[in-house]
>>> print(open('my_file-v4.txt').read())   # compact mmCIF, C-alpha atoms and all ligand atoms
# COMPACT_ATOMS: atom_id res chain seq x y z
CA MET A 148 12.13 0.08 48.00
CA PRO A 149 12.90 -2.59 45.39
CA LEU A 150 11.64 -6.12 46.06
CA GLU A 151 13.81 -7.92 48.59
CA LYS A 152 12.83 -11.36 47.38
CA MET A 153 12.48 -12.81 43.92
CA PRO A 154 8.75 -13.66 43.49
CA GLU A 155 8.31 -17.44 43.36
CA VAL A 156 6.48 -17.41 40.04
CA GLY A 157 7.75 -15.40 37.08
CA LEU A 158 6.78 -15.20 33.44
CA GLY A 159 9.23 -16.95 31.11
CA LEU A 160 9.70 -14.99 27.89
CA TRP A 161 11.48 -17.48 25.62
CA LYS A 162 9.59 -18.03 22.34
CA ILE A 163 6.98 -15.35 22.92
CA ALA A 164 6.75 -13.87 19.43
CA PRO A 165 7.90 -10.24 19.30
CA GLU A 166 4.51 -9.16 17.92
CA ASP A 167 2.71 -10.66 20.94
CA CYS A 168 5.27 -9.95 23.59
CA ALA A 169 4.40 -6.41 24.77
CA GLN A 170 0.76 -7.47 25.23
CA SER A 171 1.75 -10.71 27.03
CA VAL A 172 3.94 -8.77 29.45
CA TYR A 173 1.18 -6.21 30.02
CA ASP A 174 -1.40 -8.97 30.56
CA ALA A 175 0.91 -10.83 32.93
CA ILE A 176 1.48 -7.74 35.05
CA SER A 177 -2.24 -6.99 35.03
CA VAL A 178 -3.08 -10.46 36.42
CA GLY A 179 -0.44 -10.21 39.13
CA TYR A 180 2.97 -11.29 37.78
CA ARG A 181 5.80 -9.25 39.28
CA HIS A 182 8.73 -11.31 37.98
CA LEU A 183 9.82 -11.46 34.34
CA ASP A 184 12.48 -13.80 32.96
CA SER A 185 14.04 -12.20 29.91
CA ALA A 186 17.23 -12.73 27.85
CA CYS A 187 19.08 -11.08 24.99
CA ASP A 188 18.82 -14.38 23.14
CA TYR A 189 15.00 -14.38 23.17
CA GLY A 190 15.00 -11.55 20.61
CA ASN A 191 12.08 -9.73 22.23
CA GLU A 192 13.59 -7.44 24.87
CA LYS A 193 12.38 -4.24 23.16
CA GLN A 194 8.82 -5.59 23.24
CA VAL A 195 9.22 -6.71 26.87
CA GLY A 196 10.26 -3.12 27.60
CA GLU A 197 7.16 -1.77 25.81
CA GLY A 198 4.91 -3.96 27.92
CA ILE A 199 6.60 -2.87 31.16
CA LYS A 200 6.44 0.80 30.16
CA ARG A 201 2.74 0.60 29.36
CA ALA A 202 1.98 -1.20 32.61
CA ILE A 203 3.84 1.42 34.64
CA GLU A 204 2.23 4.31 32.73
CA ASP A 205 -1.22 2.80 33.35
CA GLY A 206 -0.49 2.60 37.07
CA LEU A 207 -0.53 -1.24 37.30
CA CYS A 208 2.79 -1.24 39.14
CA ARG A 209 5.95 0.74 39.75
CA ARG A 210 9.40 -0.30 38.49
CA GLU A 211 10.43 -1.17 42.04
CA ASP A 212 7.50 -3.61 42.35
CA LEU A 213 8.96 -5.75 39.54
CA TRP A 214 11.74 -8.33 39.60
CA ILE A 215 13.37 -8.34 36.18
CA THR A 216 15.95 -10.93 35.20
CA SER A 217 17.94 -11.04 31.98
CA LYS A 218 20.89 -13.09 30.72
CA LEU A 219 24.33 -12.55 29.23
CA TRP A 220 24.62 -14.27 25.86
CA ASN A 221 27.50 -16.66 25.04
CA THR A 222 29.19 -14.28 22.58
CA TYR A 223 29.73 -11.63 25.25
CA HIS A 224 31.75 -13.59 27.83
CA ALA A 225 35.04 -11.66 27.40
CA LYS A 226 35.45 -9.03 30.11
CA GLU A 227 35.27 -6.08 27.69
CA HIS A 228 31.91 -7.26 26.28
CA VAL A 229 30.01 -7.97 29.49
CA ARG A 230 29.08 -4.41 30.41
CA PRO A 231 28.10 -3.32 26.87
CA ALA A 232 25.91 -6.44 26.63
CA LEU A 233 24.03 -5.49 29.78
CA GLU A 234 23.79 -1.86 28.68
CA LYS A 235 22.20 -3.01 25.39
CA THR A 236 19.72 -5.18 27.28
CA LEU A 237 18.87 -2.25 29.60
CA ALA A 238 18.40 0.10 26.65
CA ASP A 239 16.09 -2.41 24.94
CA LEU A 240 14.10 -3.01 28.13
CA GLY A 241 13.96 0.73 28.82
CA LEU A 242 15.31 0.18 32.33
CA GLU A 243 18.06 1.69 34.45
CA TYR A 244 18.87 -1.50 36.33
CA LEU A 245 18.06 -5.21 36.42
CA ASP A 246 17.23 -7.16 39.54
CA LEU A 247 19.20 -10.19 38.35
CA TYR A 248 21.67 -10.79 35.50
CA LEU A 249 22.60 -14.38 34.74
CA ILE A 250 25.31 -16.04 32.66
CA HIS A 251 23.04 -17.85 30.18
CA PHE A 252 25.28 -20.86 29.44
CA PRO A 253 28.75 -21.91 30.57
CA ILE A 254 29.74 -21.72 26.90
CA ALA A 255 31.97 -18.92 25.57
CA GLN A 256 31.50 -18.23 21.86
CA GLN A 257 33.33 -15.82 19.57
CA TYR A 258 32.21 -12.22 19.72
CA VAL A 259 29.71 -10.90 17.17
CA ASP A 260 29.21 -7.14 17.29
CA PHE A 261 25.76 -5.59 17.75
CA GLU A 262 25.67 -4.11 14.25
CA SER A 263 26.48 -7.43 12.55
CA ARG A 264 23.71 -9.38 14.29
CA TYR A 265 21.55 -9.02 17.38
CA PRO A 266 20.81 -11.31 19.05
CA PRO A 267 23.75 -13.26 17.61
CA GLU A 268 22.39 -16.71 18.50
CA TRP A 269 24.57 -19.81 18.04
CA PHE A 270 26.29 -19.68 14.65
CA LEU A 271 29.40 -17.56 14.11
CA ASP A 272 28.21 -16.88 10.55
CA PRO A 273 24.80 -18.26 9.59
CA ASN A 274 25.49 -17.44 5.93
CA ALA A 275 28.66 -19.53 5.74
CA GLU A 276 28.62 -22.56 3.45
CA ASN A 277 28.76 -24.95 6.41
CA PRO A 278 27.79 -22.80 9.41
CA LYS A 279 29.02 -23.83 12.86
CA MET A 280 29.48 -22.44 16.33
CA ALA A 281 32.91 -20.99 17.17
CA PHE A 282 34.21 -21.07 20.72
CA ALA A 283 36.20 -18.34 22.47
CA LYS A 284 38.97 -18.98 24.99
CA VAL A 285 37.38 -17.14 27.88
CA PRO A 286 37.42 -18.74 31.30
CA LEU A 287 34.20 -18.47 33.28
CA SER A 288 36.12 -16.77 36.10
CA GLU A 289 36.85 -13.80 33.78
CA THR A 290 33.17 -13.51 32.92
CA TRP A 291 32.14 -13.75 36.57
CA HIS A 292 34.52 -10.99 37.68
CA ALA A 293 33.10 -8.76 34.93
CA MET A 294 29.59 -9.59 36.18
CA GLU A 295 30.62 -8.54 39.69
CA ALA A 296 31.64 -5.13 38.35
CA LEU A 297 28.07 -4.65 37.06
CA VAL A 298 26.74 -4.82 40.60
CA ASP A 299 29.32 -2.26 41.74
CA ALA A 300 28.23 -0.02 38.86
CA GLY A 301 24.58 -0.23 39.97
CA LEU A 302 23.45 -1.81 36.69
CA THR A 303 22.09 -4.96 38.32
CA ARG A 304 21.23 -5.73 41.92
CA GLU A 305 22.15 -9.41 41.80
CA ILE A 306 24.10 -11.78 39.56
CA GLY A 307 23.91 -15.51 38.99
CA VAL A 308 24.33 -18.41 36.61
CA CYS A 309 22.29 -20.80 34.48
CA ASN A 310 23.00 -24.31 33.29
CA TYR A 311 25.94 -24.86 35.67
CA ASN A 312 26.54 -28.36 36.99
CA SER A 313 27.78 -29.12 40.49
CA ALA A 314 31.49 -28.97 39.62
CA LEU A 315 31.18 -25.56 37.91
CA LEU A 316 29.22 -24.24 40.88
CA MET A 317 31.80 -25.47 43.36
CA ASP A 318 34.57 -23.90 41.30
CA LEU A 319 32.65 -20.60 41.05
CA MET A 320 32.42 -20.43 44.85
CA ASN A 321 36.24 -20.67 44.99
CA TYR A 322 36.85 -17.54 42.89
CA ALA A 323 33.71 -15.44 43.44
CA ASN A 324 34.22 -12.20 45.33
CA LYS A 325 30.45 -11.74 45.18
CA LYS A 326 28.43 -14.88 45.69
CA PRO A 327 25.90 -15.82 43.03
CA PHE A 328 22.34 -15.02 44.06
CA ALA A 329 20.65 -17.67 41.93
CA LEU A 330 21.10 -20.80 39.88
CA GLN A 331 18.63 -21.27 37.00
CA ILE A 332 18.39 -24.83 35.67
CA GLU A 333 16.01 -27.08 33.80
CA SER A 334 13.89 -28.94 36.35
CA HIS A 335 10.56 -30.78 36.24
CA PRO A 336 9.39 -34.20 37.45
CA TYR A 337 11.42 -36.00 34.74
CA LEU A 338 14.59 -34.08 35.75
CA THR A 339 14.46 -33.49 39.48
CA GLN A 340 18.17 -32.54 39.86
CA GLU A 341 18.11 -33.28 43.58
CA LYS A 342 21.88 -33.33 44.19
CA LEU A 343 22.55 -30.10 42.31
CA ILE A 344 19.64 -28.31 43.99
CA LYS A 345 20.80 -29.44 47.43
CA LEU A 346 24.31 -28.19 46.70
CA ALA A 347 23.06 -24.81 45.48
CA LYS A 348 20.82 -24.37 48.50
CA ASN A 349 23.60 -25.36 50.89
CA MET A 350 25.63 -22.56 49.27
CA GLY A 351 22.76 -20.12 49.92
CA LEU A 352 21.58 -19.74 46.31
CA GLN A 353 18.00 -19.37 45.14
CA VAL A 354 17.12 -22.08 42.63
CA THR A 355 14.85 -21.31 39.69
CA ALA A 356 13.45 -24.14 37.59
CA PHE A 357 13.17 -23.43 33.87
CA SER A 358 10.94 -25.45 31.56
CA PRO A 359 8.96 -26.42 34.67
CA LEU A 360 6.33 -28.09 32.47
CA GLY A 361 8.94 -30.40 30.92
CA ALA A 362 8.34 -31.53 27.34
CA LEU A 363 5.67 -28.94 26.51
CA SER A 364 8.11 -26.19 25.56
CA TYR A 365 10.03 -28.52 23.24
CA LEU A 366 7.13 -29.89 21.17
CA GLU A 367 7.14 -26.92 18.79
CA LEU A 368 10.92 -27.35 18.33
CA ASN A 369 10.58 -31.08 17.58
CA MET A 370 12.83 -31.72 20.57
CA ALA A 371 10.16 -33.70 22.45
CA ALA A 372 7.18 -35.87 21.64
CA GLN A 373 3.62 -35.46 22.91
CA ASN A 374 3.82 -38.78 24.79
CA GLU A 375 6.73 -37.37 26.84
CA SER A 376 4.41 -34.90 28.59
CA VAL A 377 4.53 -35.33 32.35
CA LEU A 378 0.91 -34.14 32.57
CA VAL A 379 -0.36 -37.58 31.52
CA GLN A 380 1.37 -39.38 34.40
CA GLU A 381 -0.96 -41.08 36.85
CA ALA A 382 0.70 -39.50 39.92
CA VAL A 383 0.04 -36.05 38.47
CA GLN A 384 -3.50 -36.84 37.34
CA LYS A 385 -4.45 -38.30 40.72
CA ALA A 386 -3.20 -35.21 42.57
CA ALA A 387 -5.08 -33.00 40.10
CA ALA A 388 -8.29 -34.96 40.67
CA ARG A 389 -7.92 -34.79 44.47
CA THR A 390 -7.18 -31.07 44.59
CA GLY A 391 -9.47 -29.95 41.77
CA LYS A 392 -6.51 -28.26 40.10
CA THR A 393 -5.16 -28.80 36.58
CA GLU A 394 -2.26 -31.18 35.90
CA ALA A 395 -0.09 -28.18 34.98
CA GLN A 396 -0.85 -26.52 38.32
CA VAL A 397 0.11 -29.72 40.16
CA VAL A 398 3.45 -29.92 38.36
CA LEU A 399 4.17 -26.23 39.03
CA ARG A 400 3.11 -26.54 42.67
CA TRP A 401 5.44 -29.56 43.12
CA ASN A 402 8.42 -27.36 42.23
CA ILE A 403 7.32 -24.53 44.52
CA GLN A 404 6.75 -26.93 47.39
CA ARG A 405 10.27 -28.32 47.07
CA GLY A 406 11.62 -24.79 47.40
CA CYS A 407 12.30 -23.77 43.79
CA SER A 408 10.97 -20.70 42.07
CA ILE A 409 9.48 -21.24 38.61
CA ILE A 410 9.17 -19.20 35.42
CA PRO A 411 6.48 -20.85 33.27
CA LYS A 412 5.91 -19.29 29.86
CA SER A 413 2.51 -18.83 28.30
CA SER A 414 1.21 -16.55 25.61
CA LYS A 415 -2.41 -17.30 26.61
CA LEU A 416 -4.19 -15.15 29.17
CA HIS A 417 -6.10 -18.01 30.80
CA ARG A 418 -2.88 -19.97 31.30
CA LEU A 419 -1.08 -16.96 32.71
CA LYS A 420 -3.76 -16.87 35.40
CA GLU A 421 -3.74 -20.64 35.85
CA ASN A 422 0.04 -20.79 36.33
CA LEU A 423 -0.08 -18.13 39.05
CA ASP A 424 -3.04 -19.69 40.87
CA ILE A 425 -1.09 -22.34 42.77
CA PHE A 426 -0.99 -20.97 46.30
CA ASP A 427 -4.43 -22.10 47.56
CA PHE A 428 -3.61 -25.81 47.81
CA SER A 429 -0.85 -28.18 48.93
CA LEU A 430 0.34 -31.55 47.74
CA THR A 431 0.61 -34.23 50.41
CA GLU A 432 3.95 -35.78 51.28
CA ASP A 433 2.90 -38.93 49.40
CA GLU A 434 1.93 -36.92 46.32
CA MET A 435 5.24 -35.04 46.42
CA GLN A 436 7.14 -38.32 46.62
CA ALA A 437 5.12 -39.98 43.86
CA ILE A 438 5.77 -37.03 41.53
CA SER A 439 9.48 -36.91 42.43
CA ALA A 440 9.67 -40.65 41.68
CA LEU A 441 8.92 -39.84 38.02
CA ASN A 442 12.52 -38.64 37.70
CA ALA A 443 14.20 -40.15 34.66
CA ASN A 444 17.10 -37.68 34.37
CA LYS A 445 15.41 -36.63 31.12
CA ARG A 446 16.81 -33.34 29.87
CA PHE A 447 15.05 -31.57 26.99
CA ASN A 448 17.41 -28.57 26.81
CA ASP A 449 20.81 -30.16 26.26
CA PRO A 450 23.51 -28.38 24.22
CA GLY A 451 25.16 -31.77 23.83
CA GLU A 452 22.16 -32.72 21.67
CA PHE A 453 20.75 -29.57 20.08
CA CYS A 454 24.09 -27.93 19.17
CA GLN A 455 24.97 -30.99 17.11
CA ALA A 456 21.51 -31.34 15.58
CA ALA A 457 20.85 -27.69 14.78
CA PHE A 458 24.28 -26.00 14.77
CA ASN A 459 26.63 -28.72 13.43
CA THR A 460 28.80 -28.47 16.53
CA HIS A 461 29.61 -30.93 19.32
CA CYS A 462 29.09 -28.98 22.55
CA PRO A 463 28.39 -31.21 25.53
CA ILE A 464 28.18 -29.49 28.93
CA TYR A 465 26.55 -32.35 30.86
CA ASP A 466 27.81 -35.94 30.89
P1 LIG A 501 7.54 -24.05 30.16
O1 LIG A 501 7.23 -22.76 30.75
O2 LIG A 501 7.72 -25.24 31.03
O3 LIG A 501 6.44 -24.48 29.08
C1 LIG A 501 5.95 -23.60 28.13
C2 LIG A 501 5.01 -24.38 27.21
O4 LIG A 501 3.93 -24.90 27.98
C3 LIG A 501 4.40 -23.53 26.13
O5 LIG A 501 4.27 -24.34 24.99
C4 LIG A 501 3.04 -23.15 26.69
O6 LIG A 501 2.13 -22.96 25.64
C5 LIG A 501 2.68 -24.36 27.51
N1 LIG A 501 1.90 -24.05 28.71
C6 LIG A 501 2.09 -23.05 29.58
N2 LIG A 501 1.23 -23.09 30.59
C7 LIG A 501 0.45 -24.18 30.38
C8 LIG A 501 -0.62 -24.76 31.08
N3 LIG A 501 -1.09 -24.23 32.21
N4 LIG A 501 -1.20 -25.88 30.57
C9 LIG A 501 -0.74 -26.44 29.43
N5 LIG A 501 0.29 -25.92 28.72
C10 LIG A 501 0.88 -24.80 29.19
O7 LIG A 501 8.86 -23.99 29.26
P2 LIG A 501 9.94 -22.89 28.86
O8 LIG A 501 9.34 -21.74 28.18
O9 LIG A 501 11.03 -23.64 28.16
O10 LIG A 501 10.56 -22.46 30.26
C11 LIG A 501 10.10 -21.36 30.97
C12 LIG A 501 11.06 -20.20 30.88
O11 LIG A 501 12.34 -20.56 31.39
C13 LIG A 501 11.39 -19.73 29.46
O12 LIG A 501 10.33 -19.01 28.86
C14 LIG A 501 12.63 -18.92 29.72
O13 LIG A 501 12.29 -17.67 30.28
C15 LIG A 501 13.34 -19.79 30.75
N6 LIG A 501 14.33 -20.71 30.15
C16 LIG A 501 15.65 -20.52 30.48
C17 LIG A 501 16.62 -21.33 29.91
C18 LIG A 501 18.06 -21.11 30.26
O14 LIG A 501 18.93 -21.67 29.58
N7 LIG A 501 18.34 -20.35 31.28
C19 LIG A 501 16.26 -22.36 29.02
C20 LIG A 501 14.90 -22.56 28.74
C21 LIG A 501 13.96 -21.74 29.31
P3 LIG A 501 1.31 -21.56 25.41
O15 LIG A 501 2.31 -20.45 25.34
O16 LIG A 501 0.59 -21.82 24.17
O17 LIG A 501 0.41 -21.43 26.61
>>> encode(input="my_file-v4.txt", output="structure tokens")
Amino acid sequence: MPLEKMPEVGLGLWKIAPEDCAQSVYDAISVGYRHLDSACDYGNEKQVGEGIKRAIEDGLCRREDLWITSKLWNTYHAKEHVRPALEKTLADLGLEYLDLYLIHFPIAQQYVDFESRYPPEWFLDPNAENPKMAFAKVPLSETWHAMEALVDAGLTREIGVCNYNSALLMDLMNYANKKPFALQIESHPYLTQEKLIKLAKNMGLQVTAFSPLGALSYLELNMAAQNESVLVQEAVQKAAARTGKTEAQVVLRWNIQRGCSIIPKSSKLHRLKENLDIFDFSLTEDEMQAISALNANKRFNDPGEFCQAAFNTHCPIYD
């Protein structure tokens, strides 16, 4: 029997270098992870598949013990590209089905075929004199209906969306024949997203917080500064001192305790263990409130910023 529920903690796979990725996945499974958060765009799905295969061959788990999520990239939103995109992801992962397939961004870009470039990333043509993104006129409803067909075909058990705001989610519920299973959004104490999370939960969706450690993921991309780390906040440090846990564990626990699942990424074995070891303590109501009060609506992963800075294209999706 496949897992009925998505495990609350998964391993995020963005920016795990291909050469380290199979081992990271194997290590994660060996220390107890049963949920992996993959994507075409991360450029490491073959290596994720190698790690899964090795773990299953060594008897660490069975396929049905794992919850595996992947994401449809922006260039494959047109209805004729959705199924081939998932089939490519499945071939790379060495799997027959996913547990969850998500629309990665509510941004439709022009198609790039697999032979020309995979993953195609953000530019239409990175070798152009002045490379830019190029949008495609594909409504999200078309993409969603093509996602629904993937469930009927048995290629994924559930479907969902990432990076949708409240208005897009409300609109989706008006045309969906199959309801989304999950919403994946950036959320940490500097971006608590309370209204959106309440809406998604009222609609019956699971909410997964990405970048649950906030700035840390964005330091290496020069999209955040060290002094923007939430781990140095007094509310977090006090809770860590009281519970004997690390600041990172406190921040991860805060998200779990408010009912979100989390997918922290680490390529270090001791942190993989640390990030999973958050179920033997609780934050008090006061600690929860003090951490939530750090909210500054600070978004690190904002296409309205990084598409202009890195891809010469104005692409705001949040106002
Ligand atoms: P994250 O998991 O919040 O943070 C990762 C960073 O924190 C890495 O630099 C990692 O370094 C460090 N770290 C991990 N555990 C730590 C600990 N216990 N103490 C101190 N530092 C620690 O950020 P993320 O990778 O951006 O987000 C998680 C996952 O969400 C991604 O991997 C991806 O799967 C998903 N995601 C989805 C979207 C989307 O659009 N749907 C966008 C972004 C991310 P080391 O590796 O060196 O340990």
>>> residues_around(input="my_file-v4.txt", residues="range 361-378 of chain A", least_positions_apart="6", cutoff="7 Å", atoms="only C-alpha atoms", output="PyMOL selection string")
chain A and resi 335+394-395+447
>>> atom_distance(input="my_file-v4.txt", atom1="CA of Lys325 in chain A", atom2="CA of Ala296 in chain A")
9.6 Å
>>> residues_near_ligand(input="my_file-v4.txt", ligand="ligand LIG 501 (chain A)", cutoff="6 Å", atoms="only C-alpha atoms and all ligand atoms", output="list in words")
Gly159, Leu160, Trp161, Asp184, Ser185, His251, Cys309, Gln331, Phe357, Ser358, Pro359, Leu360, Gly361, Leu363, Ser364, Ala395, Ile410, Pro411, Lys412, Ser413, Ser414, Lys415, Arg418, Glu421 and Asn422 of chain A
>>> closest_atom_pairs(input="my_file-v4.txt", of="range 258-314 of chain A", to="range 220-238 of chain A", cutoff="7 Å", atoms="only C-alpha atoms", output="JSON lines")
{"residue": "A:Tyr258", "atom": "CA", "partner": "A:Thr222", "partner_atom": "CA", "distance": 4.6}
{"residue": "A:Val259", "atom": "CA", "partner": "A:Thr222", "partner_atom": "CA", "distance": 6.4}
{"residue": "A:Val285", "atom": "CA", "partner": "A:Ala225", "partner_atom": "CA", "distance": 6.0}
{"residue": "A:Glu289", "atom": "CA", "partner": "A:Lys226", "partner_atom": "CA", "distance": 6.2}
{"residue": "A:Thr290", "atom": "CA", "partner": "A:His224", "partner_atom": "CA", "distance": 5.3}
{"residue": "A:Ala293", "atom": "CA", "partner": "A:Lys226", "partner_atom": "CA", "distance": 5.4}
{"residue": "A:Met294", "atom": "CA", "partner": "A:Val229", "partner_atom": "CA", "distance": 6.9}
{"residue": "A:Leu297", "atom": "CA", "partner": "A:Arg230", "partner_atom": "CA", "distance": 6.7}
>>> residues_around(input="my_file-v4.txt", residues="Asn191 in chain A", least_positions_apart="2", cutoff="9 Å", atoms="all atoms listed in the file", output="ChimeraX atom specification")
/A:160-166,168-169,185-189,193-196,239
>>> closest_residue(input="my_file-v4.txt", among="A:Gln455, A:Asn448, A:Thr431, A:Gln257", to="Ala382 in chain A", atoms="only C-alpha atoms")
A:Thr431
>>> closest_residue(input="my_file-v4.txt", among="A:Tyr244, A:Phe328, A:Tyr337, A:Tyr465", to="Ala314 in chain A", atoms="only C-alpha atoms")
A:Tyr465
>>> residues_around(input="my_file-v4.txt", residues="Pro149 in chain A", least_positions_apart="3", cutoff="8 Å", atoms="only C-alpha atoms", output="ChimeraX atom specification")
/A:211-213
>>> atom_distance(input="my_file-v4.txt", atom1="CA of Pro253 in chain A", atom2="CA of Asp466 in chain A")
14.1 Å
>>> residues_around(input="my_file-v4.txt", residues="Leu316 in chain A", least_positions_apart="2", cutoff="12 Å", atoms="all atoms listed in the file", output="number ranges by chain")
A: 253, 287-288, 291, 307-314, 318-323, 326-331, 343-352
>>> closest_residue(input="my_file-v4.txt", among="A:Asn324, A:Gln340, A:Ser429, A:Gln256", to="Leu219 in chain A", atoms="all atoms listed in the file")
A:Gln256
>>> atom_distance(input="my_file-v4.txt", atom1="CA of Ser334 in chain A", atom2="CA of Gly406 in chain A")
12.0 Å
>>> closest_residue(input="my_file-v4.txt", among="A:Ile254, A:Ala275, A:Leu249, A:Val172", to="Arg304 in chain A", atoms="only C-alpha atoms")
A:Leu249
>>> closest_residue(input="my_file-v4.txt", among="A:Ile403, A:Leu271, A:Ala356, A:Ile332", to="Thr460 in chain A", atoms="only C-alpha atoms")
A:Leu271
>>> closest_residue(input="my_file-v4.txt", among="A:Ile203, A:Phe458, A:Phe453, A:Glu243", to="Asp272 in chain A", atoms="all atoms listed in the file")
A:Phe458
>>> build_atoms(input="my_file-v4.txt", residues="range 252-267 of chain A", atoms="N, CA and C atoms", output="PDB file, in the coordinates of the input")
ATOM      1  N   PHE A 252      24.714 -19.499  29.551  1.00  0.00           N
ATOM      2  CA  PHE A 252      25.280 -20.860  29.440  1.00  0.00           C
ATOM      3  C   PHE A 252      26.766 -20.804  29.792  1.00  0.00           C
ATOM      4  N   PRO A 253      27.295 -21.865  30.350  1.00  0.00           N
ATOM      5  CA  PRO A 253      28.750 -21.910  30.570  1.00  0.00           C
ATOM      6  C   PRO A 253      29.469 -22.267  29.275  1.00  0.00           C
ATOM      7  N   ILE A 254      29.191 -21.485  28.243  1.00  0.00           N
ATOM      8  CA  ILE A 254      29.740 -21.720  26.900  1.00  0.00           C
ATOM      9  C   ILE A 254      30.177 -20.360  26.364  1.00  0.00           C
ATOM     10  N   ALA A 255      31.481 -20.198  26.115  1.00  0.00           N
ATOM     11  CA  ALA A 255      31.970 -18.920  25.570  1.00  0.00           C
ATOM     12  C   ALA A 255      32.117 -19.071  24.052  1.00  0.00           C
ATOM     13  N   GLN A 256      31.419 -18.205  23.335  1.00  0.00           N
ATOM     14  CA  GLN A 256      31.500 -18.230  21.860  1.00  0.00           C
ATOM     15  C   GLN A 256      32.165 -16.946  21.363  1.00  0.00           C
ATOM     16  N   GLN A 257      32.653 -17.001  20.134  1.00  0.00           N
ATOM     17  CA  GLN A 257      33.330 -15.820  19.570  1.00  0.00           C
ATOM     18  C   GLN A 257      32.375 -14.638  19.484  1.00  0.00           C
ATOM     19  N   TYR A 258      32.969 -13.476  19.699  1.00  0.00           N
ATOM     20  CA  TYR A 258      32.210 -12.220  19.720  1.00  0.00           C
ATOM     21  C   TYR A 258      31.599 -11.903  18.347  1.00  0.00           C
ATOM     22  N   VAL A 259      30.371 -11.428  18.379  1.00  0.00           N
ATOM     23  CA  VAL A 259      29.710 -10.900  17.170  1.00  0.00           C
ATOM     24  C   VAL A 259      29.216  -9.508  17.567  1.00  0.00           C
ATOM     25  N   ASP A 260      29.588  -8.478  16.812  1.00  0.00           N
ATOM     26  CA  ASP A 260      29.210  -7.140  17.290  1.00  0.00           C
ATOM     27  C   ASP A 260      27.720  -6.853  17.032  1.00  0.00           C
ATOM     28  N   PHE A 261      27.202  -5.866  17.768  1.00  0.00           N
ATOM     29  CA  PHE A 261      25.760  -5.590  17.750  1.00  0.00           C
ATOM     30  C   PHE A 261      25.268  -5.259  16.346  1.00  0.00           C
ATOM     31  N   GLU A 262      26.110  -4.544  15.590  1.00  0.00           N
ATOM     32  CA  GLU A 262      25.670  -4.110  14.250  1.00  0.00           C
ATOM     33  C   GLU A 262      25.585  -5.308  13.296  1.00  0.00           C
ATOM     34  N   SER A 263      26.486  -6.279  13.469  1.00  0.00           N
ATOM     35  CA  SER A 263      26.480  -7.430  12.550  1.00  0.00           C
ATOM     36  C   SER A 263      25.229  -8.273  12.763  1.00  0.00           C
ATOM     37  N   ARG A 264      24.882  -8.533  14.037  1.00  0.00           N
ATOM     38  CA  ARG A 264      23.710  -9.380  14.290  1.00  0.00           C
ATOM     39  C   ARG A 264      23.316  -9.293  15.744  1.00  0.00           C
ATOM     40  N   TYR A 265      22.033  -9.063  16.000  1.00  0.00           N
ATOM     41  CA  TYR A 265      21.550  -9.020  17.380  1.00  0.00           C
ATOM     42  C   TYR A 265      20.127  -9.541  17.445  1.00  0.00           C
ATOM     43  N   PRO A 266      19.837 -10.545  18.276  1.00  0.00           N
ATOM     44  CA  PRO A 266      20.810 -11.310  19.050  1.00  0.00           C
ATOM     45  C   PRO A 266      21.626 -12.221  18.142  1.00  0.00           C
ATOM     46  N   PRO A 267      22.868 -12.517  18.518  1.00  0.00           N
ATOM     47  CA  PRO A 267      23.750 -13.260  17.610  1.00  0.00           C
ATOM     48  C   PRO A 267      23.474 -14.750  17.528  1.00  0.00           C
TER      49      PRO A 267
END
